[in-house]
>>> print(open('input_32.cif').read())   # mmCIF, C-alpha atoms
data_target
loop_
_atom_site.label_atom_id
_atom_site.label_comp_id
_atom_site.auth_asym_id
_atom_site.auth_seq_id
_atom_site.Cartn_x
_atom_site.Cartn_y
_atom_site.Cartn_z
CA MET A 1 0.00 0.00 0.00
CA HIS A 2 1.34 3.43 -0.96
CA ILE A 3 1.27 5.95 1.91
CA PHE A 4 2.30 9.57 1.39
CA TYR A 5 2.86 12.19 4.07
CA GLU A 6 3.91 15.01 1.76
CA LYS A 7 1.95 16.41 -1.17
CA ALA A 8 5.04 16.75 -3.38
CA ALA A 9 5.69 13.00 -3.22
CA LEU A 10 2.02 12.20 -3.87
CA ILE A 11 1.86 14.55 -6.87
CA ASP A 12 5.05 13.06 -8.34
CA TYR A 13 3.69 9.53 -7.90
CA LEU A 14 0.39 10.39 -9.57
CA LYS A 15 2.19 12.02 -12.49
CA SER A 16 4.11 8.79 -13.04
CA THR A 17 1.14 6.45 -12.78
CA ARG A 18 -1.97 8.15 -14.14
CA THR A 19 -2.68 8.29 -17.86
CA SER A 20 -4.95 10.55 -19.89
CA ASN A 21 -7.66 7.89 -19.56
CA SER A 22 -7.24 7.24 -15.83
CA ASN A 23 -10.06 8.18 -13.49
CA ILE A 24 -9.09 9.09 -9.94
CA GLY A 25 -11.54 8.57 -7.11
CA PHE A 26 -10.92 10.54 -3.94
CA ILE A 27 -12.31 10.10 -0.42
CA PRO A 28 -11.38 12.95 1.98
CA THR A 29 -11.61 11.84 5.63
CA MET A 30 -10.51 12.95 9.08
CA GLY A 31 -9.61 9.39 10.01
CA ALA A 32 -11.12 7.23 12.76
CA LEU A 33 -12.41 5.19 9.85
CA HIS A 34 -15.56 3.10 10.08
CA GLN A 35 -17.62 1.01 7.69
CA GLY A 36 -19.23 4.13 6.23
CA HIS A 37 -15.83 5.37 5.06
CA LEU A 38 -14.97 1.92 3.73
CA SER A 39 -18.19 1.86 1.70
CA LEU A 40 -17.11 5.12 0.03
CA MET A 41 -13.77 3.52 -0.83
CA GLN A 42 -15.53 0.47 -2.28
CA GLN A 43 -17.67 2.69 -4.49
CA SER A 44 -14.60 4.61 -5.61
CA MET A 45 -12.74 1.41 -6.50
CA SER A 46 -15.71 0.19 -8.54
CA GLU A 47 -15.85 3.42 -10.55
CA ASN A 48 -12.20 4.49 -10.90
CA GLU A 49 -8.82 3.05 -11.87
CA ILE A 50 -7.09 4.85 -8.99
CA SER A 51 -8.52 5.50 -5.50
CA ILE A 52 -7.00 7.88 -2.95
CA VAL A 53 -7.98 8.40 0.68
CA SER A 54 -6.81 11.40 2.67
CA ILE A 55 -6.58 11.24 6.46
CA PHE A 56 -6.31 14.72 7.93
CA VAL A 57 -7.95 16.23 11.01
CA ASN A 58 -8.51 19.74 9.71
CA PRO A 59 -8.11 22.33 12.48
CA THR A 60 -9.79 25.21 10.63
CA GLN A 61 -13.24 23.58 10.58
CA PHE A 62 -13.44 23.26 14.37
CA ASN A 63 -14.95 26.31 16.06
CA ASN A 64 -14.58 24.50 19.40
CA LEU A 65 -10.96 23.77 20.41
CA GLU A 66 -12.13 21.19 22.95
CA ASP A 67 -13.92 19.33 20.17
CA LEU A 68 -10.74 19.39 18.07
CA ALA A 69 -8.64 18.08 20.97
CA LYS A 70 -10.90 15.11 21.67
CA TYR A 71 -11.51 14.17 18.03
CA PRO A 72 -10.32 10.53 17.69
CA ARG A 73 -6.97 10.02 15.94
CA THR A 74 -6.32 6.39 15.01
CA LEU A 75 -3.95 6.46 12.04
CA ASP A 76 -2.39 3.03 12.62
CA ASP A 77 -5.78 1.33 12.85
CA ASP A 78 -7.02 3.32 9.86
CA LEU A 79 -4.13 2.12 7.70
CA LYS A 80 -4.81 -1.50 8.71
CA LYS A 81 -8.48 -1.18 7.72
CA ILE A 82 -7.58 0.32 4.34
CA ALA A 83 -4.91 -2.32 3.66
CA LYS A 84 -7.40 -5.08 4.49
CA LEU A 85 -9.95 -3.58 2.11
CA SER A 86 -7.43 -3.16 -0.71
CA PRO A 87 -3.66 -2.65 -0.80
CA LYS A 88 -4.16 -0.74 -4.07
CA ILE A 89 -5.72 2.24 -2.28
CA ILE A 90 -3.36 5.21 -2.01
CA VAL A 91 -3.27 7.06 1.32
CA TYR A 92 -2.36 10.70 1.85
CA ALA A 93 -1.88 11.47 5.56
CA PRO A 94 -0.23 14.89 5.72
CA PRO A 95 0.84 16.98 8.73
CA ILE A 96 -0.80 20.40 9.12
CA ASP A 97 2.14 22.26 7.52
CA ASP A 98 1.91 20.21 4.34
CA ILE A 99 -1.64 21.45 3.78
CA TYR A 100 -1.42 24.99 5.12
CA GLU A 101 2.28 25.82 4.61
CA GLY A 102 2.42 27.89 7.78
CA LYS A 103 -0.25 29.02 10.24
CA PRO A 104 -3.58 27.29 9.53
CA SER A 105 -6.19 29.80 8.41
CA SER A 106 -9.43 29.66 6.46
CA GLN A 107 -10.22 31.23 3.14
CA PHE A 108 -13.53 33.10 2.97
CA PHE A 109 -16.15 31.54 0.69
CA ASP A 110 -19.54 32.65 -0.60
CA PHE A 111 -21.67 29.54 -0.84
CA ASP A 112 -24.79 31.48 -1.92
CA GLY A 113 -26.27 31.24 1.57
CA LEU A 114 -25.90 27.48 2.01
CA GLU A 115 -23.42 28.20 4.81
CA ASN A 116 -25.88 30.25 6.88
CA GLN A 117 -28.27 27.46 7.76
CA MET A 118 -28.18 24.75 10.46
CA GLU A 119 -24.52 23.81 10.99
CA GLY A 120 -23.47 27.28 9.90
CA LYS A 121 -25.63 28.89 12.59
CA PHE A 122 -24.20 26.77 15.38
CA ARG A 123 -20.61 26.38 14.18
CA PRO A 124 -19.32 29.82 13.08
CA GLY A 125 -16.57 29.59 10.47
CA HIS A 126 -16.99 25.84 10.08
CA PHE A 127 -17.78 25.83 6.38
CA ASN A 128 -15.00 28.26 5.48
CA GLY A 129 -12.68 25.70 7.07
CA VAL A 130 -14.32 22.85 5.14
CA GLY A 131 -14.16 24.77 1.87
CA THR A 132 -10.52 25.70 2.44
CA VAL A 133 -9.26 22.18 3.10
CA VAL A 134 -11.39 20.45 0.44
CA LYS A 135 -10.35 22.98 -2.21
CA ARG A 136 -6.70 22.46 -1.25
CA LEU A 137 -7.07 18.67 -1.36
CA PHE A 138 -8.79 18.83 -4.76
CA GLU A 139 -5.91 20.95 -6.08
CA ILE A 140 -3.36 18.40 -4.82
CA VAL A 141 -5.12 15.19 -5.89
CA GLU A 142 -6.95 16.48 -8.99
CA PRO A 143 -9.63 13.79 -8.69
CA THR A 144 -12.13 12.82 -11.35
CA ASN A 145 -14.72 11.85 -8.72
CA ALA A 146 -14.87 12.75 -5.02
CA TYR A 147 -17.05 10.81 -2.59
CA PHE A 148 -18.88 12.25 0.42
CA GLY A 149 -21.45 10.63 2.72
CA GLU A 150 -24.92 12.15 2.92
CA LYS A 151 -24.78 12.15 6.73
CA ASP A 152 -23.13 15.55 6.28
CA PHE A 153 -25.67 16.58 3.64
CA GLN A 154 -25.13 20.31 4.13
CA GLN A 155 -21.38 19.81 3.71
CA LEU A 156 -22.04 17.80 0.54
CA GLN A 157 -24.06 20.65 -0.97
CA ILE A 158 -21.41 23.18 0.04
CA VAL A 159 -18.58 21.15 -1.51
CA LYS A 160 -20.59 20.91 -4.74
CA LYS A 161 -21.09 24.68 -4.68
CA MET A 162 -17.40 25.35 -3.94
CA ALA A 163 -16.28 23.09 -6.80
CA ALA A 164 -18.71 24.71 -9.24
CA LYS A 165 -17.84 28.29 -8.28
CA ASN A 166 -14.12 27.58 -8.59
CA LYS A 167 -14.64 25.72 -11.88
CA MET A 168 -12.95 22.62 -10.55
CA LYS A 169 -13.16 19.61 -12.86
CA VAL A 170 -14.38 17.14 -10.28
CA ASN A 171 -17.64 15.22 -9.99
CA VAL A 172 -18.79 15.41 -6.35
CA VAL A 173 -20.70 12.22 -5.52
CA GLY A 174 -23.13 11.95 -2.61
CA CYS A 175 -23.35 8.46 -1.06
CA SER A 176 -26.10 7.01 1.11
CA ILE A 177 -25.77 7.16 4.89
CA TYR A 178 -24.24 4.02 6.35
CA ARG A 179 -25.90 3.06 9.64
CA GLU A 180 -25.18 1.01 12.75
CA SER A 181 -27.39 -2.00 13.48
CA ASN A 182 -29.70 0.28 15.52
CA ASN A 183 -29.85 2.82 12.64
CA LEU A 184 -27.54 5.37 14.29
CA ALA A 185 -25.70 7.13 11.46
CA MET A 186 -22.11 5.91 11.43
CA SER A 187 -19.69 8.59 12.57
CA SER A 188 -16.17 8.74 13.95
CA ARG A 189 -17.71 10.42 17.00
CA ASN A 190 -19.65 7.25 17.78
CA ALA A 191 -16.42 5.83 19.17
CA LEU A 192 -16.71 8.35 22.01
CA LEU A 193 -20.09 6.97 23.11
CA THR A 194 -20.52 4.36 25.81
CA PRO A 195 -22.31 1.16 24.70
CA ASP A 196 -25.48 2.34 26.50
CA GLN A 197 -25.31 5.80 24.90
CA LYS A 198 -24.82 4.29 21.46
CA GLN A 199 -27.85 2.06 21.94
CA GLU A 200 -29.99 4.93 23.28
CA ALA A 201 -28.94 7.05 20.29
CA SER A 202 -31.28 5.02 18.11
CA ILE A 203 -33.83 7.67 19.13
CA ILE A 204 -32.25 10.07 16.63
CA TYR A 205 -33.16 8.08 13.53
CA LYS A 206 -36.49 7.00 15.02
CA THR A 207 -37.35 10.67 15.54
CA LEU A 208 -36.52 11.43 11.91
CA VAL A 209 -38.70 8.58 10.67
CA ASP A 210 -41.60 9.70 12.89
CA ALA A 211 -41.13 13.30 11.77
CA LYS A 212 -41.30 12.19 8.14
CA ALA A 213 -44.68 10.59 8.77
CA ILE A 214 -45.96 13.66 10.65
CA PHE A 215 -44.76 16.03 7.91
CA LYS A 216 -46.85 14.20 5.32
CA LYS A 217 -50.06 15.46 6.99
CA ASN A 218 -48.81 18.57 8.82
CA SER A 219 -46.78 21.71 8.31
CA ALA A 220 -43.04 22.01 8.84
CA THR A 221 -43.67 24.21 11.88
CA ALA A 222 -45.97 21.65 13.49
CA THR A 223 -43.48 18.86 12.80
CA GLU A 224 -40.58 20.86 14.26
CA LYS A 225 -42.59 21.64 17.41
CA TRP A 226 -43.39 17.94 17.84
CA VAL A 227 -39.68 17.06 17.68
CA GLN A 228 -38.77 19.80 20.16
CA LYS A 229 -41.37 18.58 22.65
CA SER A 230 -40.18 14.98 22.24
CA PHE A 231 -36.65 15.93 23.26
CA GLU A 232 -37.83 18.11 26.14
CA LYS A 233 -39.01 14.85 27.75
CA ASN A 234 -35.62 13.17 27.17
CA SER A 235 -33.06 13.50 29.96
CA ILE A 236 -30.17 11.93 28.01
CA PHE A 237 -30.17 13.86 24.76
CA LYS A 238 -30.20 17.62 24.26
CA LEU A 239 -31.61 18.86 20.96
CA GLU A 240 -29.49 21.56 19.34
CA TYR A 241 -31.67 21.95 16.27
CA PHE A 242 -34.24 20.22 14.11
CA GLN A 243 -35.05 21.81 10.77
CA ILE A 244 -36.97 20.92 7.65
CA ALA A 245 -35.34 22.53 4.64
CA ASP A 246 -35.32 22.66 0.87
CA GLU A 247 -32.63 20.20 -0.29
CA LYS A 248 -31.32 22.57 -2.95
CA THR A 249 -31.18 25.90 -1.09
CA LEU A 250 -31.21 24.52 2.49
CA LEU A 251 -33.65 27.31 3.36
CA PRO A 252 -36.25 26.42 6.00
CA CYS A 253 -39.57 25.17 4.70
CA THR A 254 -42.23 27.78 5.44
CA ARG A 255 -44.93 26.43 3.15
CA LYS A 256 -44.91 23.08 1.37
CA SER A 257 -44.43 23.00 -2.38
CA LYS A 258 -44.95 19.94 -4.57
CA THR A 259 -42.09 21.09 -6.80
CA LYS A 260 -39.46 20.99 -4.04
CA ASN A 261 -37.59 18.20 -2.32
CA TYR A 262 -37.38 18.50 1.46
CA ARG A 263 -35.04 16.99 4.02
CA ALA A 264 -35.15 16.95 7.82
CA PHE A 265 -31.90 17.77 9.64
CA ILE A 266 -31.11 17.14 13.30
CA ALA A 267 -28.23 17.75 15.72
CA VAL A 268 -28.20 16.49 19.30
CA PHE A 269 -25.77 16.30 22.19
CA VAL A 270 -25.19 13.37 24.50
CA ASN A 271 -22.64 14.06 27.24
CA ASN A 272 -21.06 16.84 25.10
CA ILE A 273 -20.74 14.52 22.11
CA ARG A 274 -22.44 16.05 19.09
CA LEU A 275 -24.32 13.79 16.66
CA ILE A 276 -26.03 14.77 13.42
CA ASP A 277 -28.33 12.99 10.99
CA ASN A 278 -30.87 13.71 8.26
CA ILE A 279 -33.55 12.04 6.17
CA SER A 280 -35.24 12.76 2.86
CA LEU A 281 -38.91 13.66 3.28
CA ASN A 282 -39.98 13.02 -0.33
#
>>> encode(input="input_32.cif", output="structure tokens")
Amino acid sequence: MHIFYEKAALIDYLKSTRTSNSNIGFIPTMGALHQGHLSLMQQSMSENEISIVSIFVNPTQFNNLEDLAKYPRTLDDDLKKIAKLSPKIIVYAPPIDDIYEGKPSSQFFDFDGLENQMEGKFRPGHFNGVGTVVKRLFEIVEPTNAYFGEKDFQQLQIVKKMAAKNKMKVNVVGCSIYRESNNLAMSSRNALLTPDQKQEASIIYKTLVDAKAIFKKNSATATEKWVQKSFEKNSIFKLEYFQIADEKTLLPCTRKSKTKNYRAFIAVFVNNIRLIDNISLN
């Protein structure tokens, strides 16, 4: 398995191996890999001649330094999982200086308002950090296709917007959410949960499914109020937000339209561990 820690070495290797007909699939990650990440790699391998995974905990997308400090870092285990899946996968695991060439700082992006909703409201500067590191990774790898899980649906839409606005020749592919046996969306943060907390967290997806049924016969406002009241009765989980939004613009749904696709988004805390999920309502 080829592992690169410096972009110059990775770029040189790709120049020597890719041809004009080679497709490169790219999976950007922050490590602590789980089956959801591996499913993205499997899709990439099925659709591209070359597949590259980056493992980089990006400091500029964390507005909470405590959250950055406790984010799981498991590079050795990650490399073992990738090697077991396929030794042909290329890994890029750079230090901070290799990406930022000095003090880490975010570029400012205009995502046409996508950045102002949900995660953007509660995590100031987060999406500028995401845009900065993904743009830099795209410039280094020059992928044909880039794969992102729909668990971070807002991030997916923002990456698509960033790539389009910067005229980057990459196809950004959204992949279905991979779930635990109890339907909790797979996340690196799940490793921070106790077994009991992980089991109890099934309430997140159950709430989304129930909200979908309620939304079919009620307004977005009524559905959102029902979710809020449900979590007020829960002593384990604290609801940060629940929002029904237009999938394209991410603007809150104020009145239903048959011509729009809607999605419900949720963020909750359990013992200071933040979990997010979403579900299509169409």
>>> resolve_selection(input="input_32.cif", expression="the PyMOL selection byres ((chain A and resi 90) around 8)", output="list in words")
Met1, His2, Ile3, Phe4, Ile50, Ser51, Ile52, Val53, Pro87, Lys88, Ile89, Val91 and Tyr92 of chain A
>>> closest_residue(input="input_32.cif", among="A:Asn282, A:Asn48, A:Asn166, A:Asn128", to="Lys212 of chain A", atoms="all atoms listed in the file")
A:Asn282
>>> atom_distance(input="input_32.cif", atom1="atom CA of Pro252 of chain A", atom2="atom CA of Asn145 of chain A")
29.9 Å
>>> closest_atom_pairs(input="input_32.cif", of="segment 67-106 of chain A", to="segment 36-39 of chain A", cutoff="12 Å", atoms="all atoms listed in the file", output="CSV")
residue,atom,partner,partner_atom,distance
A:Asp78,CA,A:Leu38,CA,10.1
A:Leu79,CA,A:Leu38,CA,11.5
A:Lys80,CA,A:Leu38,CA,11.8
A:Lys81,CA,A:Leu38,CA,8.2
A:Ile82,CA,A:Leu38,CA,7.6
A:Ala83,CA,A:Leu38,CA,10.9
A:Lys84,CA,A:Leu38,CA,10.3
A:Leu85,CA,A:Leu38,CA,7.6
A:Ser86,CA,A:Leu38,CA,10.1
A:Ile89,CA,A:Leu38,CA,11.0
>>> atom_distance(input="input_32.cif", atom1="atom CA of Leu33 of chain A", atom2="atom CA of Thr74 of chain A")
8.1 Å
>>> residues_around(input="input_32.cif", residues="Tyr71 of chain A", least_positions_apart="2", cutoff="9 Å", atoms="all atoms listed in the file", output="VMD selection string")
chain A and resid 32 57 66 to 69 73 188 to 189 192
>>> resolve_selection(input="input_32.cif", expression="the PyMOL selection byres ((chain A and resi 249) around 9)", output="list in words")
Asp112, Gly113, Leu114, Gln157, Ala245, Asp246, Glu247, Lys248, Leu250, Leu251 and Pro252 of chain A
>>> resolve_selection(input="input_32.cif", expression="the PyMOL selection byres ((chain A and resi 122) around 12)", output="list of chain:residue names")
A:Phe62, A:Asn63, A:Asn64, A:Glu115, A:Asn116, A:Gln117, A:Met118, A:Glu119, A:Gly120, A:Lys121, A:Arg123, A:Pro124, A:Gly125, A:His126, A:Phe127, A:Glu240, A:Tyr241, A:Ala267, A:Val268, A:Arg274
>>> closest_residue(input="input_32.cif", among="A:Lys260, A:Lys206, A:Lys103, A:His34", to="Ser230 of chain A", atoms="all atoms listed in the file")
A:Lys206
>>> build_atoms(input="input_32.cif", residues="segment 160-173 of chain A", atoms="N, CA, C and O atoms", output="PDB file, in the coordinates of the input")
ATOM      1  N   LYS A 160     -20.147  20.803  -3.344  1.00  0.00           N
ATOM      2  CA  LYS A 160     -20.590  20.910  -4.740  1.00  0.00           C
ATOM      3  C   LYS A 160     -20.582  22.367  -5.197  1.00  0.00           C
ATOM      4  O   LYS A 160     -20.131  22.679  -6.305  1.00  0.00           O
ATOM      5  N   LYS A 161     -21.060  23.255  -4.343  1.00  0.00           N
ATOM      6  CA  LYS A 161     -21.090  24.680  -4.680  1.00  0.00           C
ATOM      7  C   LYS A 161     -19.676  25.236  -4.825  1.00  0.00           C
ATOM      8  O   LYS A 161     -19.379  26.000  -5.749  1.00  0.00           O
ATOM      9  N   MET A 162     -18.785  24.874  -3.892  1.00  0.00           N
ATOM     10  CA  MET A 162     -17.400  25.350  -3.940  1.00  0.00           C
ATOM     11  C   MET A 162     -16.719  24.899  -5.228  1.00  0.00           C
ATOM     12  O   MET A 162     -16.033  25.684  -5.898  1.00  0.00           O
ATOM     13  N   ALA A 163     -16.905  23.626  -5.596  1.00  0.00           N
ATOM     14  CA  ALA A 163     -16.280  23.090  -6.800  1.00  0.00           C
ATOM     15  C   ALA A 163     -16.801  23.802  -8.050  1.00  0.00           C
ATOM     16  O   ALA A 163     -16.028  24.141  -8.955  1.00  0.00           O
ATOM     17  N   ALA A 164     -18.116  24.051  -8.083  1.00  0.00           N
ATOM     18  CA  ALA A 164     -18.710  24.710  -9.240  1.00  0.00           C
ATOM     19  C   ALA A 164     -18.231  26.158  -9.360  1.00  0.00           C
ATOM     20  O   ALA A 164     -17.867  26.619 -10.449  1.00  0.00           O
ATOM     21  N   LYS A 165     -18.225  26.877  -8.243  1.00  0.00           N
ATOM     22  CA  LYS A 165     -17.840  28.290  -8.280  1.00  0.00           C
ATOM     23  C   LYS A 165     -16.366  28.472  -8.639  1.00  0.00           C
ATOM     24  O   LYS A 165     -15.987  29.498  -9.210  1.00  0.00           O
ATOM     25  N   ASN A 166     -15.546  27.497  -8.278  1.00  0.00           N
ATOM     26  CA  ASN A 166     -14.120  27.580  -8.590  1.00  0.00           C
ATOM     27  C   ASN A 166     -13.761  26.832  -9.872  1.00  0.00           C
ATOM     28  O   ASN A 166     -12.584  26.672 -10.185  1.00  0.00           O
ATOM     29  N   LYS A 167     -14.802  26.393 -10.593  1.00  0.00           N
ATOM     30  CA  LYS A 167     -14.640  25.720 -11.880  1.00  0.00           C
ATOM     31  C   LYS A 167     -13.649  24.564 -11.804  1.00  0.00           C
ATOM     32  O   LYS A 167     -12.759  24.411 -12.642  1.00  0.00           O
ATOM     33  N   MET A 168     -13.814  23.772 -10.740  1.00  0.00           N
ATOM     34  CA  MET A 168     -12.950  22.620 -10.550  1.00  0.00           C
ATOM     35  C   MET A 168     -13.539  21.424 -11.287  1.00  0.00           C
ATOM     36  O   MET A 168     -14.739  21.151 -11.201  1.00  0.00           O
ATOM     37  N   LYS A 169     -12.704  20.718 -12.031  1.00  0.00           N
ATOM     38  CA  LYS A 169     -13.160  19.610 -12.860  1.00  0.00           C
ATOM     39  C   LYS A 169     -13.243  18.327 -12.043  1.00  0.00           C
ATOM     40  O   LYS A 169     -12.454  17.392 -12.226  1.00  0.00           O
ATOM     41  N   VAL A 170     -14.190  18.309 -11.122  1.00  0.00           N
ATOM     42  CA  VAL A 170     -14.380  17.140 -10.280  1.00  0.00           C
ATOM     43  C   VAL A 170     -15.876  16.889 -10.131  1.00  0.00           C
ATOM     44  O   VAL A 170     -16.671  17.818  -9.979  1.00  0.00           O
ATOM     45  N   ASN A 171     -16.256  15.631 -10.197  1.00  0.00           N
ATOM     46  CA  ASN A 171     -17.640  15.220  -9.990  1.00  0.00           C
ATOM     47  C   ASN A 171     -17.804  14.853  -8.515  1.00  0.00           C
ATOM     48  O   ASN A 171     -17.203  13.893  -8.042  1.00  0.00           O
ATOM     49  N   VAL A 172     -18.582  15.646  -7.780  1.00  0.00           N
ATOM     50  CA  VAL A 172     -18.790  15.410  -6.350  1.00  0.00           C
ATOM     51  C   VAL A 172     -19.973  14.455  -6.190  1.00  0.00           C
ATOM     52  O   VAL A 172     -21.097  14.774  -6.582  1.00  0.00           O
ATOM     53  N   VAL A 173     -19.705  13.292  -5.608  1.00  0.00           N
ATOM     54  CA  VAL A 173     -20.700  12.220  -5.520  1.00  0.00           C
ATOM     55  C   VAL A 173     -21.212  12.083  -4.090  1.00  0.00           C
ATOM     56  O   VAL A 173     -20.422  11.896  -3.157  1.00  0.00           O
TER      57      VAL A 173
END
